[in-house]
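Listing of target.pdb, PDB, C-alpha atoms and all ligand atoms
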```
ATOM      1  CA  MET A   1     -16.117 -17.031  -4.955  1.00  0.00           C
ATOM      2  CA  ARG A   2     -16.825 -15.709  -1.459  1.00  0.00           C
ATOM      3  CA  GLN A   3     -15.127 -17.957   1.083  1.00  0.00           C
ATOM      4  CA  LYS A   4     -15.096 -18.150   4.855  1.00  0.00           C
ATOM      5  CA  ILE A   5     -11.538 -17.477   5.919  1.00  0.00           C
ATOM      6  CA  VAL A   6      -9.584 -17.385   9.161  1.00  0.00           C
ATOM      7  CA  ALA A   7      -6.021 -16.156   8.749  1.00  0.00           C
ATOM      8  CA  GLY A   8      -3.465 -15.956  11.548  1.00  0.00           C
ATOM      9  CA  ASN A   9      -0.964 -13.118  11.306  1.00  0.00           C
ATOM     10  CA  TRP A  10       1.891 -14.079  13.611  1.00  0.00           C
ATOM     11  CA  LYS A  11       3.577 -10.676  13.111  1.00  0.00           C
ATOM     12  CA  MET A  12       7.154 -10.624  14.511  1.00  0.00           C
ATOM     13  CA  ASN A  13       6.604 -13.376  17.046  1.00  0.00           C
ATOM     14  CA  LEU A  14       8.055 -16.844  17.692  1.00  0.00           C
ATOM     15  CA  ASP A  15      11.445 -18.289  16.776  1.00  0.00           C
ATOM     16  CA  LEU A  16      11.620 -21.269  14.437  1.00  0.00           C
ATOM     17  CA  VAL A  17      11.230 -23.940  17.121  1.00  0.00           C
ATOM     18  CA  GLU A  18       8.320 -22.105  18.719  1.00  0.00           C
ATOM     19  CA  GLY A  19       6.691 -21.668  15.312  1.00  0.00           C
ATOM     20  CA  GLU A  20       6.993 -25.367  14.503  1.00  0.00           C
ATOM     21  CA  GLU A  21       5.518 -26.181  17.884  1.00  0.00           C
ATOM     22  CA  LEU A  22       2.561 -23.878  17.236  1.00  0.00           C
ATOM     23  CA  LEU A  23       1.920 -25.446  13.829  1.00  0.00           C
ATOM     24  CA  THR A  24       2.135 -28.951  15.285  1.00  0.00           C
ATOM     25  CA  ASN A  25      -0.422 -27.954  17.905  1.00  0.00           C
ATOM     26  CA  ILE A  26      -2.710 -26.319  15.323  1.00  0.00           C
ATOM     27  CA  LEU A  27      -2.588 -29.483  13.215  1.00  0.00           C
ATOM     28  CA  ASP A  28      -3.598 -31.505  16.301  1.00  0.00           C
ATOM     29  CA  GLN A  29      -6.737 -29.415  16.818  1.00  0.00           C
ATOM     30  CA  GLU A  30     -10.087 -29.967  15.200  1.00  0.00           C
ATOM     31  CA  ARG A  31     -10.729 -27.083  12.795  1.00  0.00           C
ATOM     32  CA  GLY A  32     -13.849 -25.738  11.122  1.00  0.00           C
ATOM     33  CA  LYS A  33     -15.001 -27.400   7.935  1.00  0.00           C
ATOM     34  CA  ASP A  34     -15.583 -25.300   4.812  1.00  0.00           C
ATOM     35  CA  VAL A  35     -13.332 -22.613   6.262  1.00  0.00           C
ATOM     36  CA  VAL A  36     -10.125 -21.610   4.519  1.00  0.00           C
ATOM     37  CA  THR A  37      -7.480 -21.545   7.233  1.00  0.00           C
ATOM     38  CA  ILE A  38      -4.288 -19.596   6.605  1.00  0.00           C
ATOM     39  CA  VAL A  39      -1.188 -18.927   8.679  1.00  0.00           C
ATOM     40  CA  ALA A  40       1.177 -16.016   8.069  1.00  0.00           C
ATOM     41  CA  PRO A  41       4.413 -16.626   9.956  1.00  0.00           C
ATOM     42  CA  PRO A  42       7.559 -14.479   9.627  1.00  0.00           C
ATOM     43  CA  TYR A  43       9.660 -15.040   6.470  1.00  0.00           C
ATOM     44  CA  ILE A  44      12.186 -17.193   8.302  1.00  0.00           C
ATOM     45  CA  HIS A  45       9.512 -19.831   9.034  1.00  0.00           C
ATOM     46  CA  LEU A  46       8.015 -20.139   5.570  1.00  0.00           C
ATOM     47  CA  SER A  47      10.016 -23.071   4.138  1.00  0.00           C
ATOM     48  CA  SER A  48       9.661 -25.240   7.207  1.00  0.00           C
ATOM     49  CA  ALA A  49       6.009 -24.238   7.613  1.00  0.00           C
ATOM     50  CA  LYS A  50       5.328 -25.291   4.010  1.00  0.00           C
ATOM     51  CA  ARG A  51       6.878 -28.697   4.652  1.00  0.00           C
ATOM     52  CA  MET A  52       4.697 -29.145   7.717  1.00  0.00           C
ATOM     53  CA  LEU A  53       1.552 -27.976   5.911  1.00  0.00           C
ATOM     54  CA  SER A  54       2.094 -29.653   2.557  1.00  0.00           C
ATOM     55  CA  HIS A  55      -0.426 -32.470   3.123  1.00  0.00           C
ATOM     56  CA  THR A  56      -2.935 -30.342   4.996  1.00  0.00           C
ATOM     57  CA  ASN A  57      -5.571 -27.842   3.905  1.00  0.00           C
ATOM     58  CA  ILE A  58      -3.947 -24.927   5.722  1.00  0.00           C
ATOM     59  CA  GLY A  59      -2.727 -22.182   3.394  1.00  0.00           C
ATOM     60  CA  LEU A  60       0.494 -20.240   3.799  1.00  0.00           C
ATOM     61  CA  ALA A  61       0.840 -16.463   3.680  1.00  0.00           C
ATOM     62  CA  ALA A  62       3.751 -14.055   3.913  1.00  0.00           C
ATOM     63  CA  GLN A  63       3.385 -10.803   5.826  1.00  0.00           C
ATOM     64  CA  ASN A  64       4.988  -8.597   3.188  1.00  0.00           C
ATOM     65  CA  CYS A  65       6.979  -8.647  -0.065  1.00  0.00           C
ATOM     66  CA  HIS A  66       8.925  -6.317  -2.341  1.00  0.00           C
ATOM     67  CA  ASN A  67       7.482  -5.027  -5.613  1.00  0.00           C
ATOM     68  CA  GLN A  68      10.436  -6.070  -7.809  1.00  0.00           C
ATOM     69  CA  THR A  69      11.412  -9.584  -8.892  1.00  0.00           C
ATOM     70  CA  SER A  70      15.098  -9.315  -7.955  1.00  0.00           C
ATOM     71  CA  GLY A  71      17.925  -6.829  -7.639  1.00  0.00           C
ATOM     72  CA  ALA A  72      19.860  -4.620  -5.254  1.00  0.00           C
ATOM     73  CA  TYR A  73      17.254  -4.271  -2.512  1.00  0.00           C
ATOM     74  CA  THR A  74      19.137  -5.320   0.601  1.00  0.00           C
ATOM     75  CA  GLY A  75      16.972  -7.008   3.173  1.00  0.00           C
ATOM     76  CA  GLU A  76      13.973  -7.477   0.903  1.00  0.00           C
ATOM     77  CA  VAL A  77      12.150 -10.613  -0.277  1.00  0.00           C
ATOM     78  CA  SER A  78      10.499 -10.962  -3.684  1.00  0.00           C
ATOM     79  CA  VAL A  79       7.237 -12.625  -4.626  1.00  0.00           C
ATOM     80  CA  LYS A  80       9.171 -15.047  -6.839  1.00  0.00           C
ATOM     81  CA  MET A  81      11.094 -16.192  -3.761  1.00  0.00           C
ATOM     82  CA  LEU A  82       7.894 -16.534  -1.750  1.00  0.00           C
ATOM     83  CA  LYS A  83       6.304 -18.535  -4.547  1.00  0.00           C
ATOM     84  CA  SER A  84       9.337 -20.828  -4.714  1.00  0.00           C
ATOM     85  CA  VAL A  85       8.750 -21.946  -1.121  1.00  0.00           C
ATOM     86  CA  GLY A  86       5.025 -22.489  -1.629  1.00  0.00           C
ATOM     87  CA  VAL A  87       3.522 -19.266  -0.303  1.00  0.00           C
ATOM     88  CA  GLU A  88       0.014 -18.645  -1.664  1.00  0.00           C
ATOM     89  CA  TYR A  89      -1.064 -15.372  -0.046  1.00  0.00           C
ATOM     90  CA  VAL A  90       0.654 -12.104   0.919  1.00  0.00           C
ATOM     91  CA  ILE A  91      -0.663  -9.684   3.544  1.00  0.00           C
ATOM     92  CA  LEU A  92      -0.294  -6.154   2.186  1.00  0.00           C
ATOM     93  CA  GLY A  93      -1.069  -2.732   3.569  1.00  0.00           C
ATOM     94  CA  HIS A  94      -1.231  -3.786   7.189  1.00  0.00           C
ATOM     95  CA  SER A  95      -1.580  -0.696   9.393  1.00  0.00           C
ATOM     96  CA  GLU A  96       1.727  -1.564  11.098  1.00  0.00           C
ATOM     97  CA  ARG A  97       3.457  -1.384   7.683  1.00  0.00           C
ATOM     98  CA  ARG A  98       1.615   1.843   6.883  1.00  0.00           C
ATOM     99  CA  GLU A  99       2.556   3.423  10.209  1.00  0.00           C
ATOM    100  CA  TYR A 100       6.053   2.125  11.059  1.00  0.00           C
ATOM    101  CA  PHE A 101       7.398   1.651   7.530  1.00  0.00           C
ATOM    102  CA  LYS A 102       5.610   4.597   5.946  1.00  0.00           C
ATOM    103  CA  GLU A 103       3.980   2.533   3.207  1.00  0.00           C
ATOM    104  CA  ASP A 104       1.203   4.467   1.560  1.00  0.00           C
ATOM    105  CA  SER A 105      -1.565   3.039  -0.595  1.00  0.00           C
ATOM    106  CA  LEU A 106       0.243   3.905  -3.828  1.00  0.00           C
ATOM    107  CA  ALA A 107       3.379   1.989  -2.760  1.00  0.00           C
ATOM    108  CA  ILE A 108       1.160  -0.861  -1.651  1.00  0.00           C
ATOM    109  CA  SER A 109      -0.642  -0.869  -5.010  1.00  0.00           C
ATOM    110  CA  PHE A 110       2.656  -1.800  -6.742  1.00  0.00           C
ATOM    111  CA  LYS A 111       3.030  -4.752  -4.391  1.00  0.00           C
ATOM    112  CA  VAL A 112      -0.598  -5.756  -4.983  1.00  0.00           C
ATOM    113  CA  ASN A 113       0.003  -5.737  -8.737  1.00  0.00           C
ATOM    114  CA  HIS A 114       3.185  -7.758  -8.405  1.00  0.00           C
ATOM    115  CA  VAL A 115       1.550 -10.371  -6.172  1.00  0.00           C
ATOM    116  CA  ILE A 116      -1.352 -10.733  -8.624  1.00  0.00           C
ATOM    117  CA  GLU A 117       0.987 -10.968 -11.651  1.00  0.00           C
ATOM    118  CA  ASN A 118       2.742 -13.847  -9.935  1.00  0.00           C
ATOM    119  CA  GLY A 119      -0.491 -15.723  -9.278  1.00  0.00           C
ATOM    120  CA  LEU A 120      -0.554 -15.274  -5.518  1.00  0.00           C
ATOM    121  CA  ARG A 121      -3.443 -13.716  -3.599  1.00  0.00           C
ATOM    122  CA  PRO A 122      -3.087 -10.411  -1.722  1.00  0.00           C
ATOM    123  CA  ILE A 123      -4.772  -9.996   1.639  1.00  0.00           C
ATOM    124  CA  TYR A 124      -5.234  -6.226   1.420  1.00  0.00           C
ATOM    125  CA  CYS A 125      -5.680  -4.442   4.749  1.00  0.00           C
ATOM    126  CA  CYS A 126      -7.501  -1.174   5.270  1.00  0.00           C
ATOM    127  CA  GLY A 127      -8.779   0.666   8.300  1.00  0.00           C
ATOM    128  CA  GLU A 128      -8.960   3.974  10.100  1.00  0.00           C
ATOM    129  CA  THR A 129      -7.153   5.300  13.170  1.00  0.00           C
ATOM    130  CA  LEU A 130      -8.965   6.305  16.334  1.00  0.00           C
ATOM    131  CA  THR A 131      -8.672  10.002  15.483  1.00  0.00           C
ATOM    132  CA  GLU A 132     -10.083   9.390  12.016  1.00  0.00           C
ATOM    133  CA  ARG A 133     -13.022   7.488  13.496  1.00  0.00           C
ATOM    134  CA  LYS A 134     -13.662  10.162  16.117  1.00  0.00           C
ATOM    135  CA  ASP A 135     -13.649  12.769  13.344  1.00  0.00           C
ATOM    136  CA  GLY A 136     -16.152  10.692  11.383  1.00  0.00           C
ATOM    137  CA  GLN A 137     -13.693  10.192   8.533  1.00  0.00           C
ATOM    138  CA  HIS A 138     -13.570   6.406   8.534  1.00  0.00           C
ATOM    139  CA  PHE A 139     -15.625   5.834   5.393  1.00  0.00           C
ATOM    140  CA  GLU A 140     -13.626   8.406   3.465  1.00  0.00           C
ATOM    141  CA  ILE A 141     -10.290   6.916   4.618  1.00  0.00           C
ATOM    142  CA  ILE A 142     -11.298   3.386   3.729  1.00  0.00           C
ATOM    143  CA  GLU A 143     -12.606   4.407   0.324  1.00  0.00           C
ATOM    144  CA  LYS A 144      -9.294   6.188  -0.357  1.00  0.00           C
ATOM    145  CA  GLN A 145      -7.247   3.151   0.730  1.00  0.00           C
ATOM    146  CA  LEU A 146      -9.302   0.893  -1.531  1.00  0.00           C
ATOM    147  CA  THR A 147      -9.207   3.273  -4.473  1.00  0.00           C
ATOM    148  CA  GLU A 148      -5.463   3.933  -4.303  1.00  0.00           C
ATOM    149  CA  GLY A 149      -4.286   0.461  -3.348  1.00  0.00           C
ATOM    150  CA  LEU A 150      -6.674  -1.936  -5.002  1.00  0.00           C
ATOM    151  CA  PHE A 151      -8.923  -0.412  -7.627  1.00  0.00           C
ATOM    152  CA  GLN A 152      -6.196  -0.327 -10.274  1.00  0.00           C
ATOM    153  CA  LEU A 153      -6.996  -4.041 -10.684  1.00  0.00           C
ATOM    154  CA  ASN A 154      -9.459  -5.350 -13.216  1.00  0.00           C
ATOM    155  CA  GLU A 155     -12.468  -7.353 -12.068  1.00  0.00           C
ATOM    156  CA  ILE A 156     -10.855 -10.790 -12.417  1.00  0.00           C
ATOM    157  CA  GLU A 157      -7.782  -9.617 -10.539  1.00  0.00           C
ATOM    158  CA  LEU A 158      -9.869  -8.098  -7.768  1.00  0.00           C
ATOM    159  CA  LEU A 159     -11.658 -11.409  -7.335  1.00  0.00           C
ATOM    160  CA  ASN A 160      -8.290 -12.919  -6.439  1.00  0.00           C
ATOM    161  CA  CYS A 161      -7.905 -10.514  -3.535  1.00  0.00           C
ATOM    162  CA  ILE A 162      -9.039 -10.881   0.026  1.00  0.00           C
ATOM    163  CA  ILE A 163      -9.795  -7.651   1.875  1.00  0.00           C
ATOM    164  CA  ALA A 164      -9.267  -7.225   5.610  1.00  0.00           C
ATOM    165  CA  TYR A 165     -10.886  -4.376   7.495  1.00  0.00           C
ATOM    166  CA  GLU A 166      -8.733  -3.693  10.527  1.00  0.00           C
ATOM    167  CA  PRO A 167      -9.609  -0.560  12.496  1.00  0.00           C
ATOM    168  CA  VAL A 168      -6.248   0.564  13.870  1.00  0.00           C
ATOM    169  CA  TRP A 169      -7.785   1.379  17.259  1.00  0.00           C
ATOM    170  CA  ALA A 170      -8.829  -2.266  17.670  1.00  0.00           C
ATOM    171  CA  ILE A 171      -5.491  -3.903  16.812  1.00  0.00           C
ATOM    172  CA  GLY A 172      -3.758  -5.441  19.807  1.00  0.00           C
ATOM    173  CA  THR A 173      -5.714  -3.170  22.154  1.00  0.00           C
ATOM    174  CA  GLY A 174      -8.289  -5.637  23.406  1.00  0.00           C
ATOM    175  CA  GLU A 175     -10.901  -3.189  22.129  1.00  0.00           C
ATOM    176  CA  THR A 176     -12.936  -4.803  19.352  1.00  0.00           C
ATOM    177  CA  ALA A 177     -15.235  -3.043  16.947  1.00  0.00           C
ATOM    178  CA  SER A 178     -18.783  -3.997  17.834  1.00  0.00           C
ATOM    179  CA  PRO A 179     -20.424  -6.352  15.346  1.00  0.00           C
ATOM    180  CA  GLU A 180     -22.600  -3.387  14.264  1.00  0.00           C
ATOM    181  CA  GLN A 181     -19.573  -1.131  13.682  1.00  0.00           C
ATOM    182  CA  ALA A 182     -17.711  -3.845  11.783  1.00  0.00           C
ATOM    183  CA  GLN A 183     -20.754  -4.855   9.718  1.00  0.00           C
ATOM    184  CA  GLU A 184     -21.393  -1.213   8.800  1.00  0.00           C
ATOM    185  CA  VAL A 185     -17.882  -0.816   7.385  1.00  0.00           C
ATOM    186  CA  HIS A 186     -17.912  -4.198   5.626  1.00  0.00           C
ATOM    187  CA  ALA A 187     -21.200  -3.278   3.933  1.00  0.00           C
ATOM    188  CA  PHE A 188     -19.637   0.054   2.949  1.00  0.00           C
ATOM    189  CA  ILE A 189     -16.606  -1.756   1.441  1.00  0.00           C
ATOM    190  CA  ARG A 190     -18.942  -3.966  -0.590  1.00  0.00           C
ATOM    191  CA  LYS A 191     -20.929  -0.939  -1.730  1.00  0.00           C
ATOM    192  CA  THR A 192     -17.707   0.815  -2.763  1.00  0.00           C
ATOM    193  CA  ILE A 193     -16.610  -2.242  -4.766  1.00  0.00           C
ATOM    194  CA  ALA A 194     -20.060  -2.450  -6.361  1.00  0.00           C
ATOM    195  CA  SER A 195     -19.904   1.140  -7.559  1.00  0.00           C
ATOM    196  CA  GLN A 196     -16.383   0.727  -8.953  1.00  0.00           C
ATOM    197  CA  TYR A 197     -16.986  -2.744 -10.460  1.00  0.00           C
ATOM    198  CA  ASN A 198     -20.412  -4.352 -10.069  1.00  0.00           C
ATOM    199  CA  ALA A 199     -22.646  -6.042  -7.491  1.00  0.00           C
ATOM    200  CA  ILE A 200     -21.625  -9.590  -8.405  1.00  0.00           C
ATOM    201  CA  THR A 201     -17.957  -8.787  -7.883  1.00  0.00           C
ATOM    202  CA  ALA A 202     -18.740  -7.006  -4.620  1.00  0.00           C
ATOM    203  CA  ASN A 203     -20.637 -10.037  -3.364  1.00  0.00           C
ATOM    204  CA  SER A 204     -17.896 -12.446  -4.397  1.00  0.00           C
ATOM    205  CA  VAL A 205     -14.958 -10.889  -2.531  1.00  0.00           C
ATOM    206  CA  SER A 206     -14.204 -12.195   0.958  1.00  0.00           C
ATOM    207  CA  ILE A 207     -13.887  -9.401   3.509  1.00  0.00           C
ATOM    208  CA  LEU A 208     -12.290 -10.272   6.843  1.00  0.00           C
ATOM    209  CA  TYR A 209     -12.458  -8.355  10.089  1.00  0.00           C
ATOM    210  CA  GLY A 210      -9.298  -7.918  12.188  1.00  0.00           C
ATOM    211  CA  GLY A 211      -8.708  -6.308  15.557  1.00  0.00           C
ATOM    212  CA  SER A 212      -8.761  -8.127  18.900  1.00  0.00           C
ATOM    213  CA  VAL A 213     -10.766 -11.065  17.564  1.00  0.00           C
ATOM    214  CA  LYS A 214     -10.866 -13.893  20.088  1.00  0.00           C
ATOM    215  CA  PRO A 215     -13.032 -16.939  20.753  1.00  0.00           C
ATOM    216  CA  SER A 216     -15.334 -14.899  23.013  1.00  0.00           C
ATOM    217  CA  ASN A 217     -16.300 -12.356  20.334  1.00  0.00           C
ATOM    218  CA  ALA A 218     -15.740 -14.206  17.045  1.00  0.00           C
ATOM    219  CA  VAL A 219     -19.164 -15.854  16.647  1.00  0.00           C
ATOM    220  CA  GLU A 220     -20.990 -12.520  16.807  1.00  0.00           C
ATOM    221  CA  LEU A 221     -18.578 -10.909  14.346  1.00  0.00           C
ATOM    222  CA  PHE A 222     -18.286 -13.782  11.864  1.00  0.00           C
ATOM    223  CA  ASN A 223     -22.043 -14.184  11.628  1.00  0.00           C
ATOM    224  CA  CYS A 224     -22.625 -10.646  10.389  1.00  0.00           C
ATOM    225  CA  PRO A 225     -23.858 -10.782   6.783  1.00  0.00           C
ATOM    226  CA  ASP A 226     -20.878  -9.000   5.242  1.00  0.00           C
ATOM    227  CA  ILE A 227     -18.120 -10.444   7.447  1.00  0.00           C
ATOM    228  CA  ASP A 228     -16.498 -13.536   5.960  1.00  0.00           C
ATOM    229  CA  GLY A 229     -14.041 -14.321   8.731  1.00  0.00           C
ATOM    230  CA  GLY A 230     -11.061 -12.796  10.446  1.00  0.00           C
ATOM    231  CA  LEU A 231      -7.450 -11.738  10.234  1.00  0.00           C
ATOM    232  CA  ILE A 232      -6.197 -12.654  13.661  1.00  0.00           C
ATOM    233  CA  GLY A 233      -3.146 -11.424  15.580  1.00  0.00           C
ATOM    234  CA  GLY A 234      -2.723 -12.355  19.244  1.00  0.00           C
ATOM    235  CA  ALA A 235      -5.295 -15.171  19.304  1.00  0.00           C
ATOM    236  CA  ALA A 236      -3.532 -16.860  16.364  1.00  0.00           C
ATOM    237  CA  LEU A 237      -0.501 -17.527  18.556  1.00  0.00           C
ATOM    238  CA  GLN A 238      -2.365 -20.115  20.601  1.00  0.00           C
ATOM    239  CA  ALA A 239      -3.382 -23.279  18.783  1.00  0.00           C
ATOM    240  CA  GLU A 240      -6.586 -23.855  20.676  1.00  0.00           C
ATOM    241  CA  SER A 241      -7.966 -20.345  20.320  1.00  0.00           C
ATOM    242  CA  PHE A 242      -6.963 -20.204  16.666  1.00  0.00           C
ATOM    243  CA  ALA A 243      -8.701 -23.521  15.963  1.00  0.00           C
ATOM    244  CA  THR A 244     -11.775 -22.321  17.880  1.00  0.00           C
ATOM    245  CA  LEU A 245     -11.946 -19.266  15.614  1.00  0.00           C
ATOM    246  CA  THR A 246     -12.130 -21.523  12.561  1.00  0.00           C
ATOM    247  CA  LYS A 247     -15.257 -23.060  14.123  1.00  0.00           C
ATOM    248  CA  SER A 248     -16.921 -19.739  14.975  1.00  0.00           C
ATOM    249  CA  PHE A 249     -19.190 -19.341  11.935  1.00  0.00           C
TER     250      PHE A 249
HETATM  251  P1  LIG B   1      -4.911  -8.546  17.101  1.00  0.00           P
HETATM  252  O1  LIG B   1      -5.841  -9.697  16.821  1.00  0.00           O
HETATM  253  O2  LIG B   1      -3.765  -8.922  18.006  1.00  0.00           O
HETATM  254  O3  LIG B   1      -5.647  -7.331  17.552  1.00  0.00           O
HETATM  255  O4  LIG B   1      -4.216  -8.155  15.703  1.00  0.00           O
HETATM  256  C1  LIG B   1      -4.994  -7.982  14.583  1.00  0.00           C
HETATM  257  C2  LIG B   1      -4.116  -7.838  13.405  1.00  0.00           C
HETATM  258  O5  LIG B   1      -3.422  -6.843  13.262  1.00  0.00           O
HETATM  259  C3  LIG B   1      -4.079  -8.940  12.432  1.00  0.00           C
HETATM  260  O6  LIG B   1      -3.396  -8.565  11.277  1.00  0.00           O
END
```
Mind turning the file's structure into structure tokens?
Ligand code: 13P
Amino acid sequence: MRQKIVAGNWKMNLDLVEGEELLTNILDQERGKDVVTIVAPPYIHLSSAKRMLSHTNIGLAAQNCHNQTSGAYTGEVSVKMLKSVGVEYVILGHSERREYFKEDSLAISFKVNHVIENGLRPIYCCGETLTERKDGQHFEIIEKQLTEGLFQLNEIELLNCIIAYEPVWAIGTGETASPEQAQEVHAFIRKTIASQYNAITANSVSILYGGSVKPSNAVELFNCPDIDGGLIGGAALQAESFATLTKSF
């Protein structure tokens, strides 16, 4: 079922005390109704965040996971561990993971499968770099990322995924895709899903936009027909702006 979603990706920001303070402040704010609100703090925050969120309607996401259940993978965290502390969603394929940690769509597809098998929901990120956009390759790149990372799933499994379109050139740069640019790619993602699966599935998946979303540009973006909300970086680190985004539909 297509949902309106605002998810805050805290990335590698805030120590535990600062994170608890941010959550307390978010909980104090009025948030949008009928909007699924999700926070994705660093691993170290997840247990305490779950305790703080347990009687609220804010969902909890991790920013990554490993593709195996357990074993000799120093420094890694499994989906089983995430599930045991109450995590419900996992961000996968973020461009920062693709670029700095050399994760390609095939590697990400194993994580997607593992998250789905464990009953959690992937938030699968895709998006082109500035060079790719300038070369007019963005549709091709996005189709490839979807095909290699996500389309191994069957229809029911795909319906458990959330997709985030995050043009790399708009992340943390202050430069946002225009509503027209974002809508064009979101419609393309839906069309690509429709040709691989069917139109009903394509219309049922929530597709979020990410990249310099803030209160001043969110309403225009979130009201595009194929944009179901946002995956937010910087503006998710301030309670008031994050809460405002949940009311920007
Ligand atoms: P910014 O909102 O800071 O551009 O980050 C977007 C993002 O990468 C969310 O995952």
List all protein, DNA and RNA residues that have any atom at most 8 Å from ligand LIG 1 (chain B), counting all atoms listed in the file, and write the list as an NGL selection string.
:A and (8-11 or 94-96 or 166 or 168 or 170-174 or 176 or 210-214 or 231-236)
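With only C-alpha atoms as the basis for measurement, A:Leu16 is the residue among A:Val79, A:Met1, A:Leu158, A:Leu16 that approaches Ser47 of chain A most closely.
Put simply, the PyMOL selection byres (((chain A and resi 244) around 9) and not hetatm) on this file hits Gln29, Glu30, Arg31, Gly32, Lys214, Pro215, Ala239, Glu240, Ser241, Phe242, Ala243, Leu245, Thr246, Lys247 and Ser248 of chain A.
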Could the residues in this selection be written to a file with C-alpha atoms, as a PDB file, keeping the file's coordinate frame?
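The new file result-v4.pdb reads:
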```pdb
ATOM      1  CA  GLN A  29      -6.737 -29.415  16.818  1.00  0.00           C
ATOM      2  CA  GLU A  30     -10.087 -29.967  15.200  1.00  0.00           C
ATOM      3  CA  ARG A  31     -10.729 -27.083  12.795  1.00  0.00           C
ATOM      4  CA  GLY A  32     -13.849 -25.738  11.122  1.00  0.00           C
ATOM      5  CA  LYS A 214     -10.866 -13.893  20.088  1.00  0.00           C
ATOM      6  CA  PRO A 215     -13.032 -16.939  20.753  1.00  0.00           C
ATOM      7  CA  ALA A 239      -3.382 -23.279  18.783  1.00  0.00           C
ATOM      8  CA  GLU A 240      -6.586 -23.855  20.676  1.00  0.00           C
ATOM      9  CA  SER A 241      -7.966 -20.345  20.320  1.00  0.00           C
ATOM     10  CA  PHE A 242      -6.963 -20.204  16.666  1.00  0.00           C
ATOM     11  CA  ALA A 243      -8.701 -23.521  15.963  1.00  0.00           C
ATOM     12  CA  LEU A 245     -11.946 -19.266  15.614  1.00  0.00           C
ATOM     13  CA  THR A 246     -12.130 -21.523  12.561  1.00  0.00           C
ATOM     14  CA  LYS A 247     -15.257 -23.060  14.123  1.00  0.00           C
ATOM     15  CA  SER A 248     -16.921 -19.739  14.975  1.00  0.00           C
TER      16      SER A 248
END
```
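Comparing A:Ala49, A:Ile141, A:Ile156, A:Cys125 by their smallest distance to Phe188 of chain A, the closest is A:Ile141 (using only C-alpha atoms).
Between atom CA of Gly19 of chain A and atom CA of Leu237 of chain A lies a distance of 8.9 Å.
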Explicit residues for the PyMOL selection byres (((chain A and resi 65) around 10) and not hetatm) (as a PyMOL selection string)
chain A and resi 43+62-64+66-69+76-82+90-92+108+111-112+114-115
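One finds atom CA of Val6 of chain A at 21.2 Å from atom CA of Leu150 of chain A.
For the set A:Glu175, A:Gly86, A:Gln196, A:Trp169, the residue with the smallest atom-to-atom gap to Thr129 of chain A is A:Trp169, counting all atoms listed in the file.
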Proximity to Asn154 of chain A - best of A:Gly230, A:Ala177, A:Glu220, A:Ile193, all atoms listed in the file
A:Ile193
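Using all atoms listed in the file, the smallest distance between any of A:Ala202, A:Cys161, A:Leu22, A:Ile227 and Val185 of chain A comes from A:Ile227.
The two atoms in question, atom CA of Glu103 of chain A and atom CA of Leu60 of chain A, are spaced 23.0 Å apart.
Minimum atom-to-atom distance to Lys191 of chain A, evaluated using all atoms listed in the file, belongs to A:Ile142 out of A:Cys126, A:Ile142, A:Leu46, A:Ala218.
Here the residues that fall within 10 Å of (-25.3, -10.7, -2.9), using all atoms listed in the file, are given as Arg2, Arg190, Ala199, Ile200, Thr201, Ala202, Asn203, Ser204, Pro225 and Asp226 of chain A.
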Picked residues, the PyMOL selection byres (((chain A and resi 33-37) around 6) and not hetatm), expected as a list in words
Lys4, Ile5, Val6, Ala7, Gly32, Ile38 and Ile58 of chain A
Would you mind exporting C-alpha atoms of the selected residues as a PDB file, in the coordinates of the input?
```pdb
ATOM      1  CA  LYS A   4     -15.096 -18.150   4.855  1.00  0.00           C
ATOM      2  CA  ILE A   5     -11.538 -17.477   5.919  1.00  0.00           C
ATOM      3  CA  VAL A   6      -9.584 -17.385   9.161  1.00  0.00           C
ATOM      4  CA  ALA A   7      -6.021 -16.156   8.749  1.00  0.00           C
ATOM      5  CA  GLY A  32     -13.849 -25.738  11.122  1.00  0.00           C
ATOM      6  CA  ILE A  38      -4.288 -19.596   6.605  1.00  0.00           C
ATOM      7  CA  ILE A  58      -3.947 -24.927   5.722  1.00  0.00           C
TER       8      ILE A  58
END
```
Around the point (-12.1, -7.5, -0.5) (coordinates from the file), which residues reach within 8 Å if we count all atoms listed in the file? Answer as a PyMOL selection string.
chain A and resi 124+158-159+161-164+189-190+202+205-208
If we count only C-alpha atoms and set the cut-off at 12 Å, which residues sit around Phe139 of chain A, ignoring sequence neighbours fewer than 4 positions away in its own chain? Please answer as a CSV table (one decimal) with C-alpha atoms, in the frame of the given file.
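Final file, result26.csv:
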```
chain,number,residue,atom,x,y,z
A,126,CYS,CA,-7.5,-1.2,5.3
A,127,GLY,CA,-8.8,0.7,8.3
A,128,GLU,CA,-9.0,4.0,10.1
A,129,THR,CA,-7.2,5.3,13.2
A,132,GLU,CA,-10.1,9.4,12.0
A,133,ARG,CA,-13.0,7.5,13.5
A,134,LYS,CA,-13.7,10.2,16.1
A,135,ASP,CA,-13.6,12.8,13.3
A,143,GLU,CA,-12.6,4.4,0.3
A,144,LYS,CA,-9.3,6.2,-0.4
A,145,GLN,CA,-7.2,3.2,0.7
A,146,LEU,CA,-9.3,0.9,-1.5
A,165,TYR,CA,-10.9,-4.4,7.5
A,167,PRO,CA,-9.6,-0.6,12.5
A,181,GLN,CA,-19.6,-1.1,13.7
A,182,ALA,CA,-17.7,-3.8,11.8
A,184,GLU,CA,-21.4,-1.2,8.8
A,185,VAL,CA,-17.9,-0.8,7.4
A,186,HIS,CA,-17.9,-4.2,5.6
A,187,ALA,CA,-21.2,-3.3,3.9
A,188,PHE,CA,-19.6,0.1,2.9
A,189,ILE,CA,-16.6,-1.8,1.4
A,190,ARG,CA,-18.9,-4.0,-0.6
A,191,LYS,CA,-20.9,-0.9,-1.7
A,192,THR,CA,-17.7,0.8,-2.8
```
